[in-house]
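These notes are about the structure you will find just below.
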Amino acid sequence: MASEVGRGEVWITDLGKAGKERPCLVLSVPATDAERALAVIAPATTAVWGTRYEVKVEARFLKKEGVFDVQNLQAVPLAKFHRKLGALTSEQMKSIEAAVRLWLGL
């Protein structure tokens with residue numbers, strides 16, 4: 001269980017029966033002690049549909065080819081984060097952020 005996760009980090013996260021354990025990219029900033037112990041994530045998936053909301057990222061710590069699906073953003077309790085795999089570069093995060101802005105109309 002993670003006590004704190006950082007924006008841009010990729011963690012093995014338990015998304016329940018339907019979502020399974022999978023790499024997830026943390027998009028939110030760390031919560032303070034007065035806030036809920038949650039983080040907003042974009043899950044990685046190998047089920048690629050080719051939409052504009054899927055962002056392909058290459059990183060040594062990602063064992064399978066796939067994408068981060070920003071159309072499936074979720075708030076996840078910190079207790080569900082099991083193991084940190086690594087962190088994306090600022091350039092990789094820019095691609096993710098652009099897809100999130102597009103999806104949310106920001």
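Convention: chains lettered A, B, ... in structure tokens order; per-chain residue numbering from 1; ligands numbered from 1 as shown.
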
task: Find the spatial neighbours of Gly8 of chain A, counting only C-alpha atoms, within a cut-off of 7 Å - ignore same-chain residues fewer than 6 positions away - and output them as a list in words.
output: Leu25, Val26, Leu27, Ala87, Leu88 and Met93 of chain A

Identify, on the basis of only C-alpha atoms, every residue whose closest approach to segment 39-41 of chain A does not exceed 7 Å; exclude the query and any residue fewer than 5 positions from it along the same chain; express the result as a PDB file with C-alpha atoms, in the first residue's frame.
ATOM      1  CA  CYS A  24      -1.744   3.147 -13.920  1.00  0.00           C
ATOM      2  CA  LEU A  25      -0.458   6.660 -14.482  1.00  0.00           C
ATOM      3  CA  VAL A  26      -1.054   9.113 -11.635  1.00  0.00           C
ATOM      4  CA  LEU A  27      -2.453  12.404 -12.951  1.00  0.00           C
ATOM      5  CA  SER A  28      -3.399  14.182  -9.724  1.00  0.00           C
ATOM      6  CA  LEU A  73      -9.930   8.258 -15.747  1.00  0.00           C
ATOM      7  CA  GLN A  74     -10.638   6.996 -12.233  1.00  0.00           C
ATOM      8  CA  ALA A  75     -10.190   8.162  -8.641  1.00  0.00           C
ATOM      9  CA  VAL A  76      -8.523   5.318  -6.748  1.00  0.00           C
ATOM     10  CA  PRO A  77      -7.808   4.974  -2.996  1.00  0.00           C
ATOM     11  CA  LEU A  78      -4.090   5.026  -2.156  1.00  0.00           C
TER      12      LEU A  78
END

- Task: Looking only at alpha helix (DSSP H) from DSSP on the backbone, list the matching residues of chain A as a ChimeraX atom specification.
- Result: /A:16-19,90-104

Next on the checklist: Residues within 9 Å of Glu4 of chain A, please, as a list in words. Count only C-alpha atoms; anything in the same chain fewer than 5 positions from it doesn't count.
Outcome noted: Pro30, Ala31, Ala37 and Leu78 of chain A

- Task: Check the DSSP output for the backbone and give back, as a ChimeraX atom specification, the residues of chain A in strand (DSSP E).
- Result: /A:9-14,21-26,38-45,54-56,67-69,74-77,81-87

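Taking only C-alpha atoms, the non-local environment of segment 56-70 of chain A within 7 Å (same-chain residues fewer than 2 positions away omitted) comprises A:Ala42, A:Pro43, A:Ala44, A:Thr45, A:Thr46, A:Val48, A:Tyr53, A:Glu54, A:Asn72, A:Leu73, A:Leu85, A:Gly86, A:Gln92, A:Ala99, A:Val100.
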
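Note that the spacing between atom CA of Asp33 of chain A and atom CA of Glu21 of chain A amounts to 26.2 Å.
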
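Checking A:Trp11, A:Arg52, A:Glu91, A:Arg101 one by one against Pro23 of chain A, counting only C-alpha atoms, you find the shortest gap at A:Trp11.
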
Atom CA of Ala34 of chain A to atom CA of Gly16 of chain A measures 26.0 Å

Atom CA of Gly50 of chain A sits from atom CA of Ala98 of chain A at a separation of 16.0 Å
